[in-house]
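Reading through the structure tokens given below for one structure.
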Number of protein chains: 2
Amino acid sequence: MARRKVANPLAFAVLGSLGERPMHPYEISTMLKSRGKGMSIKLNYGSLYSVVGALEKAGFIEAVETVRDGNRPEKTVYAITAAGRAEFDDWLAELLGKPEREFSQLEAGLAYLPAFSPDRVVELLDQRVKGLVAEVEQLEAAHESMTSMKLPRIFWVESEFRLALVQAELTYVRRLARAIRTDGLEGSGFWRQTHQLVEKLGLQPADLLKDPVKYFGEEFPWLQEIPPDAR
Amino acid sequence: MARRKVANPLAFAVLGSLGERPMHPYEISTMLKSRGKGMSIKLNYGSLYSVVGALEKAGFIEAVETVRDGNRPEKTVYAITAAGRAEFDDWLAELLGKPEREFSQLEAGLAYLPAFSPDRVVELLDQRVKGLVAEVEQLEAAHESMTSMKLPRIFWVESEFRLALVQAELTYVRRLARAIRTDGLEGSGFWRQTHQLVEKLGLQPADLLKDPVKYFGEEFPWLQEIPPDAR
DNA sequence: GAACTAATACTCGATTTCGAGTACTTGAGA
DNA sequence: TCTCAAGTACTCGAAATCGAGTATTAGTTC
């Protein structure tokens, strides 16, 4: 069994919301949106209702009333239980105190950089830079507007943190693109040669690694030291 | 239908691996591990086999032979197809070129900071700093060892990127903890008062927001300006 | 050569996750 | 007053995800 009975971050947000006052699921979703928390926690209706059901089953929340408003579908209002408060506290403490390993998509992409030619990679990274710059601008504009509305920073630290991450990514991607462009990246000579061989001779990358000396001579001594099972 | 027929990042790694040479699933997993790619892409057996099945169904890979080694279970060796190569190329281009919105767990936690007292938050953030420092050290050690093994940077950019992200997080968390400690965070006066009220009087946070003037006087003018549905 | 550990190569099915779809209502404009 | 878009409040089933479990074999040590 997973450490948490309901592990979806959305469940955490549900507990946090019901910690303020009882609500029905749809109300939770609109409240999260209006407070901008929907920006920091992935919200989707399918998950919302299943997560609410799971939380109820686990005893962290309970239905307190079902109201019918005119002819609309019934709304079930939920409240948090003592066990739910304990779970939320424990969860928040873990989220803040313990770094959790996360896998960014870019990391996966970078792991396969050599599959594209250096030129292609630079082109794509430049494209990414544009997207990231736009994101930074959006976040900064949002922060400015919140500042001018006098909403204290404490209510949007999560967005500030997000900005810090995006900026770090931007800085890294820019530096990497420049290094590739100027051949400043160790291994890029090998990289360029490989791509020329693959494109001109139609060889498979695996063949090149099987007999490196044949294709590259002695120019790249580290090549011969790669353990065979990593080729 | 999702944009990609098989959307799991592991499927991307499978395509990337089979792009080098045909392999059987378990071999893919050991190869990813030995190259350290398992650090950048979440690898788990259950997903691996289901993803391989899905890729085959989608026509991106195909079984080329089943070998039996002694009395061990049969191994099915897969090879990438032309459609698979196209998918991989398209996918890699997207991963590199287009920033994808990702939700870090810390972001979710930060969104609920006011649920804990400032002191508690600082304590937890300090704890996190320790964990992050350990992570940075680990990564730096790994990079040093790869450098000394003469393995060119191009083969571990993903780890370099990861380090950049962790360092950014570390910097941000340190700054935030300091700001809270020194009351430098706007809104922290309000925050401390709220917690005193909630703890001493046993009130619900929602009650405080309903009639801010009663509990806080005119000290926090922005409080009155919060739209009612965001309370 | 017996016993044990580590590695190999998967399987299974219970949860989780998702997002498109549905059905009603309200309000604004023509 | 009719229409039409936007908002409200969910439902549903297909697909993904996971990680513990299983069964065999190779290697190591006493």
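Naming scheme: A, B, ... for chains in displayed order of the structure tokens; residues 1 onward per chain; ligands 1 onward as shown.
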
Checklist entry - What are the DSSP alpha helix (DSSP H) residues of chain B, as number ranges by chain? => result B: 9-18, 25-34, 45-57, 82-97, 105-110, 118-148, 157-181, 188-201, 205-210, 212-216, 221-224

Given only C-alpha atoms, how would the per-residue table for chain A near chain B read, listing every residue at most 6 Å away with its closest atom pair and distance in Å to one decimal, sorted by chain and number, as JSON lines?
{"residue": "A:Glu20", "atom": "CA", "partner": "B:Ala206", "partner_atom": "CA", "distance": 5.3}
{"residue": "A:Met31", "atom": "CA", "partner": "B:Ala230", "partner_atom": "CA", "distance": 5.9}
{"residue": "A:Ser34", "atom": "CA", "partner": "B:Ala230", "partner_atom": "CA", "distance": 5.8}
{"residue": "A:Arg35", "atom": "CA", "partner": "B:Ala230", "partner_atom": "CA", "distance": 5.8}
{"residue": "A:Ser40", "atom": "CA", "partner": "B:Ala108", "partner_atom": "CA", "distance": 5.8}
{"residue": "A:Ile41", "atom": "CA", "partner": "B:Ala108", "partner_atom": "CA", "distance": 5.8}
{"residue": "A:Leu92", "atom": "CA", "partner": "B:Gly109", "partner_atom": "CA", "distance": 5.8}
{"residue": "A:Leu95", "atom": "CA", "partner": "B:Gly109", "partner_atom": "CA", "distance": 5.4}
{"residue": "A:Leu96", "atom": "CA", "partner": "B:Gly109", "partner_atom": "CA", "distance": 5.8}
{"residue": "A:Gly97", "atom": "CA", "partner": "B:Arg128", "partner_atom": "CA", "distance": 4.5}
{"residue": "A:Lys98", "atom": "CA", "partner": "B:Arg128", "partner_atom": "CA", "distance": 5.3}
{"residue": "A:Leu106", "atom": "CA", "partner": "B:Leu95", "partner_atom": "CA", "distance": 5.7}
{"residue": "A:Glu107", "atom": "CA", "partner": "B:Glu158", "partner_atom": "CA", "distance": 5.0}
{"residue": "A:Ala108", "atom": "CA", "partner": "B:Ser40", "partner_atom": "CA", "distance": 5.7}
{"residue": "A:Gly109", "atom": "CA", "partner": "B:Leu95", "partner_atom": "CA", "distance": 5.4}
{"residue": "A:Leu110", "atom": "CA", "partner": "B:Glu158", "partner_atom": "CA", "distance": 5.0}
{"residue": "A:Ala111", "atom": "CA", "partner": "B:Glu158", "partner_atom": "CA", "distance": 5.4}
{"residue": "A:Leu124", "atom": "CA", "partner": "B:Gly97", "partner_atom": "CA", "distance": 4.5}
{"residue": "A:Leu125", "atom": "CA", "partner": "B:Gly97", "partner_atom": "CA", "distance": 5.6}
{"residue": "A:Gln127", "atom": "CA", "partner": "B:Gly97", "partner_atom": "CA", "distance": 5.4}
{"residue": "A:Arg128", "atom": "CA", "partner": "B:Gly97", "partner_atom": "CA", "distance": 4.5}
{"residue": "A:Lys150", "atom": "CA", "partner": "B:Trp222", "partner_atom": "CA", "distance": 5.8}
{"residue": "A:Pro152", "atom": "CA", "partner": "B:Gly187", "partner_atom": "CA", "distance": 4.9}
{"residue": "A:Arg153", "atom": "CA", "partner": "B:Glu186", "partner_atom": "CA", "distance": 5.6}
{"residue": "A:Ile154", "atom": "CA", "partner": "B:Gly187", "partner_atom": "CA", "distance": 5.8}
{"residue": "A:Glu158", "atom": "CA", "partner": "B:Glu107", "partner_atom": "CA", "distance": 5.0}
{"residue": "A:Glu186", "atom": "CA", "partner": "B:Pro152", "partner_atom": "CA", "distance": 5.2}
{"residue": "A:Gly187", "atom": "CA", "partner": "B:Pro152", "partner_atom": "CA", "distance": 4.9}
{"residue": "A:Pro205", "atom": "CA", "partner": "B:Glu20", "partner_atom": "CA", "distance": 5.7}
{"residue": "A:Ala206", "atom": "CA", "partner": "B:Glu20", "partner_atom": "CA", "distance": 5.3}
{"residue": "A:Trp222", "atom": "CA", "partner": "B:Lys150", "partner_atom": "CA", "distance": 5.8}
{"residue": "A:Ala230", "atom": "CA", "partner": "B:Ser34", "partner_atom": "CA", "distance": 5.8}

Go ahead and save the residues from that selection, with C-alpha atoms, as a tab-separated table (two decimals), in the first residue's frame.
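After the write, selection_14.tsv holds the following:
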chain	number	residue	atom	x	y	z
A	20	GLU	CA	-11.39	26.32	6.26
A	31	MET	CA	-12.47	28.41	-4.88
A	34	SER	CA	-10.36	32.04	-7.77
A	35	ARG	CA	-7.45	31.96	-5.36
A	40	SER	CA	-0.06	25.25	-8.46
A	41	ILE	CA	-2.12	22.09	-8.19
A	92	LEU	CA	1.95	19.53	4.57
A	95	LEU	CA	5.67	18.48	1.40
A	96	LEU	CA	7.59	21.31	2.99
A	97	GLY	CA	10.22	19.40	4.90
A	98	LYS	CA	11.19	16.53	2.64
A	106	LEU	CA	13.11	18.32	-20.15
A	107	GLU	CA	15.38	16.02	-18.19
A	108	ALA	CA	14.11	13.11	-20.25
A	109	GLY	CA	14.70	15.06	-23.43
A	110	LEU	CA	18.22	16.09	-22.46
A	111	ALA	CA	19.07	12.48	-21.76
A	124	LEU	CA	14.93	23.64	-30.49
A	125	LEU	CA	16.56	25.06	-27.39
A	127	GLN	CA	12.57	27.86	-29.39
A	128	ARG	CA	12.25	26.77	-25.77
A	150	LYS	CA	-1.81	44.93	-1.95
A	152	PRO	CA	0.68	40.20	0.65
A	153	ARG	CA	3.44	37.94	-0.65
A	154	ILE	CA	2.56	35.20	1.79
A	158	GLU	CA	4.10	29.34	-4.57
A	186	GLU	CA	33.08	18.52	-24.31
A	187	GLY	CA	32.11	15.68	-26.53
A	205	PRO	CA	24.57	4.34	-33.91
A	206	ALA	CA	25.12	0.98	-32.22
A	222	TRP	CA	37.15	7.67	-23.36
A	230	ALA	CA	26.39	0.41	-21.50

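Nearest residue to chain B among D:DT22, D:DT3, D:DA16, D:DT28 is D:DA16, counting only C-alpha atoms (C1' of nucleotides).
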
Output, as a short mmCIF file (atom, residue, chain, number, x, y, z; two decimals) with C-alpha atoms, in the first residue's frame, the coordinates of chain A following least-squares superposition onto chain B across all in-order C-alpha pairs.
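That gives us superposed-v2.cif:
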data_model
loop_
_atom_site.label_atom_id
_atom_site.label_comp_id
_atom_site.auth_asym_id
_atom_site.auth_seq_id
_atom_site.Cartn_x
_atom_site.Cartn_y
_atom_site.Cartn_z
CA MET A 1 -7.60 10.94 -27.36
CA ALA A 2 -4.35 12.16 -25.89
CA ARG A 3 -1.98 13.81 -28.32
CA ARG A 4 0.35 10.81 -28.08
CA LYS A 5 -0.88 7.27 -28.32
CA VAL A 6 1.59 6.28 -25.61
CA ALA A 7 2.31 9.24 -23.42
CA ASN A 8 4.44 7.82 -20.62
CA PRO A 9 8.00 9.26 -20.66
CA LEU A 10 9.22 5.72 -20.25
CA ALA A 11 7.83 5.01 -23.73
CA PHE A 12 10.06 7.77 -25.00
CA ALA A 13 13.06 6.10 -23.40
CA VAL A 14 12.05 2.75 -24.90
CA LEU A 15 11.89 4.27 -28.37
CA GLY A 16 15.23 5.95 -27.79
CA SER A 17 16.83 2.70 -26.66
CA LEU A 18 15.43 0.62 -29.49
CA GLY A 19 16.62 3.33 -31.85
CA GLU A 20 20.14 2.14 -31.14
CA ARG A 21 19.55 -1.57 -31.55
CA PRO A 22 16.88 -4.22 -30.98
CA MET A 23 16.51 -5.36 -27.37
CA HIS A 24 14.16 -7.17 -25.04
CA PRO A 25 12.35 -5.17 -22.35
CA TYR A 26 14.44 -6.23 -19.41
CA GLU A 27 17.58 -5.40 -21.34
CA ILE A 28 16.22 -1.91 -21.93
CA SER A 29 15.74 -1.48 -18.22
CA THR A 30 19.29 -2.58 -17.31
CA MET A 31 20.75 -0.45 -20.07
CA LEU A 32 18.90 2.63 -18.88
CA LYS A 33 20.18 1.98 -15.38
CA SER A 34 23.77 1.41 -16.41
CA ARG A 35 23.79 4.63 -18.38
CA GLY A 36 22.24 6.51 -15.52
CA LYS A 37 19.20 7.41 -17.60
CA GLY A 38 17.07 5.72 -14.98
CA MET A 39 17.90 8.77 -12.89
CA SER A 40 16.16 11.08 -15.32
CA ILE A 41 13.24 8.91 -16.34
CA LYS A 42 11.03 7.07 -13.92
CA LEU A 43 11.50 3.39 -14.53
CA ASN A 44 9.24 0.74 -13.12
CA TYR A 45 8.66 -2.77 -14.35
CA GLY A 46 4.92 -2.70 -14.42
CA SER A 47 4.94 0.37 -16.63
CA LEU A 48 7.78 -0.92 -18.78
CA TYR A 49 5.93 -3.98 -19.99
CA SER A 50 2.60 -2.25 -20.45
CA VAL A 51 4.28 0.56 -22.34
CA VAL A 52 6.10 -1.88 -24.59
CA GLY A 53 2.78 -3.58 -25.30
CA ALA A 54 1.15 -0.24 -26.10
CA LEU A 55 4.01 0.77 -28.39
CA GLU A 56 3.69 -2.49 -30.27
CA LYS A 57 -0.04 -2.05 -30.65
CA ALA A 58 0.53 1.46 -31.96
CA GLY A 59 2.99 0.13 -34.54
CA PHE A 60 5.99 2.02 -33.17
CA ILE A 61 7.93 -1.14 -32.36
CA GLU A 62 7.63 -4.77 -33.42
CA ALA A 63 8.72 -8.13 -32.04
CA VAL A 64 11.56 -9.48 -34.14
CA GLU A 65 12.29 -12.73 -32.31
CA THR A 66 11.65 -14.63 -29.16
CA VAL A 67 14.66 -16.36 -27.72
CA ARG A 68 14.74 -18.95 -25.00
CA ASP A 69 17.87 -19.15 -22.92
CA GLY A 70 18.02 -22.46 -21.09
CA ASN A 71 15.00 -22.79 -18.89
CA ARG A 72 14.36 -19.11 -18.34
CA PRO A 73 11.22 -17.39 -19.50
CA GLU A 74 11.18 -16.44 -23.15
CA LYS A 75 12.50 -13.06 -24.05
CA THR A 76 10.82 -11.13 -26.80
CA VAL A 77 13.23 -8.90 -28.68
CA TYR A 78 11.73 -5.74 -30.11
CA ALA A 79 12.93 -3.40 -32.83
CA ILE A 80 11.80 0.10 -33.66
CA THR A 81 9.78 0.69 -36.84
CA ALA A 82 9.90 3.65 -39.21
CA ALA A 83 6.75 5.02 -37.57
CA GLY A 84 8.50 4.59 -34.22
CA ARG A 85 11.50 6.62 -35.37
CA ALA A 86 9.21 9.36 -36.57
CA GLU A 87 7.37 9.36 -33.25
CA PHE A 88 10.61 9.53 -31.30
CA ASP A 89 11.89 12.44 -33.38
CA ASP A 90 8.66 14.33 -33.01
CA TRP A 91 8.59 13.63 -29.30
CA LEU A 92 12.16 14.67 -28.65
CA ALA A 93 11.62 17.86 -30.61
CA GLU A 94 8.61 18.61 -28.45
CA LEU A 95 10.39 17.81 -25.19
CA LEU A 96 13.26 20.11 -26.06
CA GLY A 97 11.43 22.88 -27.85
CA LYS A 98 8.21 23.33 -25.93
CA PRO A 99 8.11 23.99 -22.19
CA GLU A 100 5.47 21.82 -20.56
CA ARG A 101 3.72 22.99 -17.42
CA GLU A 102 4.75 20.80 -14.51
CA PHE A 103 3.51 20.80 -10.94
CA SER A 104 6.14 20.41 -8.28
CA GLN A 105 5.05 19.07 -4.93
CA LEU A 106 6.65 21.95 -3.08
CA GLU A 107 4.48 24.35 -5.03
CA ALA A 108 1.41 22.62 -3.62
CA GLY A 109 2.85 22.85 -0.14
CA LEU A 110 3.73 26.53 -0.45
CA ALA A 111 0.19 27.26 -1.55
CA TYR A 112 -0.92 26.22 1.94
CA LEU A 113 1.79 27.84 4.01
CA PRO A 114 -0.66 29.87 6.12
CA ALA A 115 -2.07 26.62 7.49
CA PHE A 116 0.99 26.27 9.72
CA SER A 117 2.45 28.78 12.11
CA PRO A 118 5.44 30.76 10.86
CA ASP A 119 7.70 29.01 13.34
CA ARG A 120 6.64 25.58 12.19
CA VAL A 121 7.14 26.54 8.56
CA VAL A 122 10.64 27.83 9.20
CA GLU A 123 11.52 24.63 11.00
CA LEU A 124 10.32 22.53 8.09
CA LEU A 125 12.03 24.68 5.48
CA ASP A 126 15.29 24.33 7.40
CA GLN A 127 14.82 20.60 7.31
CA ARG A 128 14.28 20.76 3.56
CA VAL A 129 17.43 22.81 3.13
CA LYS A 130 19.41 20.00 4.71
CA GLY A 131 17.94 17.46 2.33
CA LEU A 132 18.60 19.68 -0.66
CA VAL A 133 22.19 20.30 0.35
CA ALA A 134 22.73 16.56 0.53
CA GLU A 135 21.25 16.19 -2.94
CA VAL A 136 23.46 18.90 -4.37
CA GLU A 137 26.51 17.23 -2.88
CA GLN A 138 25.54 13.89 -4.34
CA LEU A 139 25.08 15.35 -7.79
CA GLU A 140 28.33 17.26 -7.61
CA ALA A 141 30.20 14.14 -6.54
CA ALA A 142 28.66 12.23 -9.43
CA HIS A 143 29.71 14.93 -11.86
CA GLU A 144 33.22 14.96 -10.53
CA SER A 145 33.48 11.22 -10.92
CA MET A 146 32.15 11.39 -14.48
CA THR A 147 34.58 14.15 -15.31
CA SER A 148 37.49 12.15 -13.95
CA MET A 149 36.34 9.16 -15.98
CA LYS A 150 36.62 11.46 -19.00
CA LEU A 151 33.00 10.91 -19.92
CA PRO A 152 32.12 14.03 -21.91
CA ARG A 153 29.49 16.44 -20.59
CA ILE A 154 27.20 15.76 -23.51
CA PHE A 155 26.34 12.43 -21.90
CA TRP A 156 25.21 13.89 -18.63
CA VAL A 157 23.65 17.26 -19.43
CA GLU A 158 20.41 16.01 -17.94
CA SER A 159 22.10 15.60 -14.60
CA GLU A 160 23.66 19.03 -14.91
CA PHE A 161 20.21 20.45 -15.53
CA ARG A 162 18.83 18.63 -12.55
CA LEU A 163 21.57 20.17 -10.42
CA ALA A 164 20.62 23.62 -11.68
CA LEU A 165 17.02 23.05 -10.63
CA VAL A 166 17.89 21.72 -7.19
CA GLN A 167 20.21 24.64 -6.62
CA ALA A 168 17.51 27.09 -7.61
CA GLU A 169 15.13 25.43 -5.18
CA LEU A 170 17.73 25.56 -2.44
CA THR A 171 18.35 29.23 -3.00
CA TYR A 172 14.66 30.00 -2.97
CA VAL A 173 13.89 27.99 0.14
CA ARG A 174 16.78 29.56 2.03
CA ARG A 175 15.64 33.05 1.12
CA LEU A 176 12.06 32.30 2.04
CA ALA A 177 13.01 30.84 5.42
CA ARG A 178 15.10 33.89 6.17
CA ALA A 179 12.32 36.27 5.15
CA ILE A 180 9.87 34.54 7.46
CA ARG A 181 12.33 34.41 10.32
CA THR A 182 13.02 38.11 10.10
CA ASP A 183 9.39 39.03 9.46
CA GLY A 184 10.51 40.36 6.12
CA LEU A 185 7.62 38.74 4.33
CA GLU A 186 4.69 41.06 3.78
CA GLY A 187 1.66 39.61 5.40
CA SER A 188 3.57 37.81 8.08
CA GLY A 189 2.25 40.12 10.77
CA PHE A 190 -1.25 39.11 9.77
CA TRP A 191 -0.14 35.51 9.59
CA ARG A 192 1.20 35.48 13.13
CA GLN A 193 -1.89 37.19 14.49
CA THR A 194 -4.18 34.73 12.76
CA HIS A 195 -2.42 31.81 14.29
CA GLN A 196 -2.58 33.28 17.72
CA LEU A 197 -6.31 33.85 17.33
CA VAL A 198 -6.92 30.36 16.02
CA GLU A 199 -4.92 28.70 18.73
CA LYS A 200 -6.06 30.79 21.68
CA LEU A 201 -9.71 31.16 20.79
CA GLY A 202 -10.16 27.92 18.90
CA LEU A 203 -11.74 29.76 16.00
CA GLN A 204 -12.05 28.51 12.43
CA PRO A 205 -9.97 30.41 9.89
CA ALA A 206 -13.09 31.01 7.82
CA ASP A 207 -14.72 32.94 10.67
CA LEU A 208 -11.84 35.37 10.82
CA LEU A 209 -12.20 36.17 7.15
CA LYS A 210 -15.93 36.74 7.40
CA ASP A 211 -15.56 39.71 9.67
CA PRO A 212 -11.97 40.87 9.40
CA VAL A 213 -12.51 44.23 11.03
CA LYS A 214 -13.79 42.60 14.20
CA TYR A 215 -10.65 40.52 14.66
CA PHE A 216 -7.95 42.62 13.05
CA GLY A 217 -9.26 46.16 13.15
CA GLU A 218 -8.16 48.36 10.30
CA GLU A 219 -4.60 47.15 10.35
CA PHE A 220 -4.81 45.10 7.18
CA PRO A 221 -6.76 47.11 4.62
CA TRP A 222 -6.20 44.59 1.80
CA LEU A 223 -8.24 42.09 3.79
CA GLN A 224 -11.44 43.95 3.13
CA GLU A 225 -10.79 43.97 -0.57
CA ILE A 226 -10.71 40.23 -1.04
CA PRO A 227 -13.68 39.24 -3.18
CA PRO A 228 -16.14 37.27 -1.02
CA ASP A 229 -15.99 34.13 -3.16
CA ALA A 230 -12.26 33.83 -2.59
CA ARG A 231 -12.58 33.73 1.18
#

Where does chain C meet chain A within 9 Å, residue by residue, with the nearest atom pair and distance in Å to one decimal for each, counting only C-alpha atoms (C1' of nucleotides), listed by chain and rising number, as a tab-separated table?
residue	atom	partner	partner_atom	distance
C:DT16	C1'	A:Ser47	CA	8.5
C:DT17	C1'	A:Ser47	CA	6.5
C:DC18	C1'	A:Gly46	CA	6.4
C:DG19	C1'	A:Gly46	CA	7.2
C:DC24	C1'	A:Arg72	CA	6.3
C:DT25	C1'	A:Arg72	CA	7.8

Checklist entry - Among chain A, which residues carry a DSSP assignment of strand (DSSP E or B), reported as a list in words? => result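 Matching residues, listed in order: Met23, Ile61, Glu62, Ala63, Val64, Glu65, Thr66, Val67, Lys75, Thr76, Val77, Tyr78, Ala79 and Ile80 of chain A.
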
Next on the checklist: Residues of chain D within 9 Å of chain B, counting only C-alpha atoms (C1' of nucleotides) - could you list those as a list in words?
Outcome noted: DA16, DT17, DC18, DG19, DT24 and DT25 of chain D

Writing out the chosen residues with N, CA and C atoms (P, O5', C5', C4', C3', O3' and C1' of nucleotides) as an mmCIF file, in the first residue's frame:
data_model
loop_
_atom_site.group_PDB
_atom_site.id
_atom_site.type_symbol
_atom_site.label_atom_id
_atom_site.label_comp_id
_atom_site.auth_asym_id
_atom_site.auth_seq_id
_atom_site.Cartn_x
_atom_site.Cartn_y
_atom_site.Cartn_z
ATOM 1 P P DA D 16 -2.900 3.872 -22.375
ATOM 2 O "O5'" DA D 16 -2.636 4.300 -20.863
ATOM 3 C "C5'" DA D 16 -2.845 5.646 -20.491
ATOM 4 C "C4'" DA D 16 -2.379 5.854 -19.070
ATOM 5 C "C3'" DA D 16 -0.944 5.420 -18.777
ATOM 6 O "O3'" DA D 16 -0.431 6.393 -17.890
ATOM 7 C "C1'" DA D 16 -2.416 4.256 -17.347
ATOM 8 P P DT D 17 1.107 6.483 -17.550
ATOM 9 O "O5'" DT D 17 1.153 5.820 -16.116
ATOM 10 C "C5'" DT D 17 0.265 6.297 -15.113
ATOM 11 C "C4'" DT D 17 0.445 5.459 -13.892
ATOM 12 C "C3'" DT D 17 1.857 4.905 -13.704
ATOM 13 O "O3'" DT D 17 2.415 5.571 -12.582
ATOM 14 C "C1'" DT D 17 0.173 3.265 -13.256
ATOM 15 P P DC D 18 3.919 5.406 -12.159
ATOM 16 O "O5'" DC D 18 3.798 4.263 -11.069
ATOM 17 C "C5'" DC D 18 2.777 4.412 -10.069
ATOM 18 C "C4'" DC D 18 2.527 3.113 -9.375
ATOM 19 C "C3'" DC D 18 3.793 2.395 -8.922
ATOM 20 O "O3'" DC D 18 3.836 2.462 -7.509
ATOM 21 C "C1'" DC D 18 2.209 0.880 -9.902
ATOM 22 P P DG D 19 5.319 2.752 -6.871
ATOM 23 O "O5'" DG D 19 5.486 1.435 -5.997
ATOM 24 C "C5'" DG D 19 4.355 0.878 -5.357
ATOM 25 C "C4'" DG D 19 4.462 -0.618 -5.362
ATOM 26 C "C3'" DG D 19 5.889 -1.172 -5.185
ATOM 27 O "O3'" DG D 19 5.789 -2.337 -4.387
ATOM 28 C "C1'" DG D 19 4.929 -2.135 -7.035
ATOM 29 P P DT D 24 9.867 -22.535 -11.918
ATOM 30 O "O5'" DT D 24 11.331 -22.326 -12.504
ATOM 31 C "C5'" DT D 24 11.475 -21.694 -13.766
ATOM 32 C "C4'" DT D 24 12.761 -20.932 -13.799
ATOM 33 C "C3'" DT D 24 14.022 -21.773 -13.530
ATOM 34 O "O3'" DT D 24 14.651 -22.042 -14.772
ATOM 35 C "C1'" DT D 24 14.128 -19.569 -12.591
ATOM 36 P P DT D 25 15.896 -23.051 -14.801
ATOM 37 O "O5'" DT D 25 17.130 -22.062 -14.603
ATOM 38 C "C5'" DT D 25 17.268 -20.920 -15.458
ATOM 39 C "C4'" DT D 25 18.415 -20.081 -14.945
ATOM 40 C "C3'" DT D 25 19.708 -20.852 -14.698
ATOM 41 O "O3'" DT D 25 20.756 -20.128 -15.303
ATOM 42 C "C1'" DT D 25 19.187 -19.526 -12.845
#
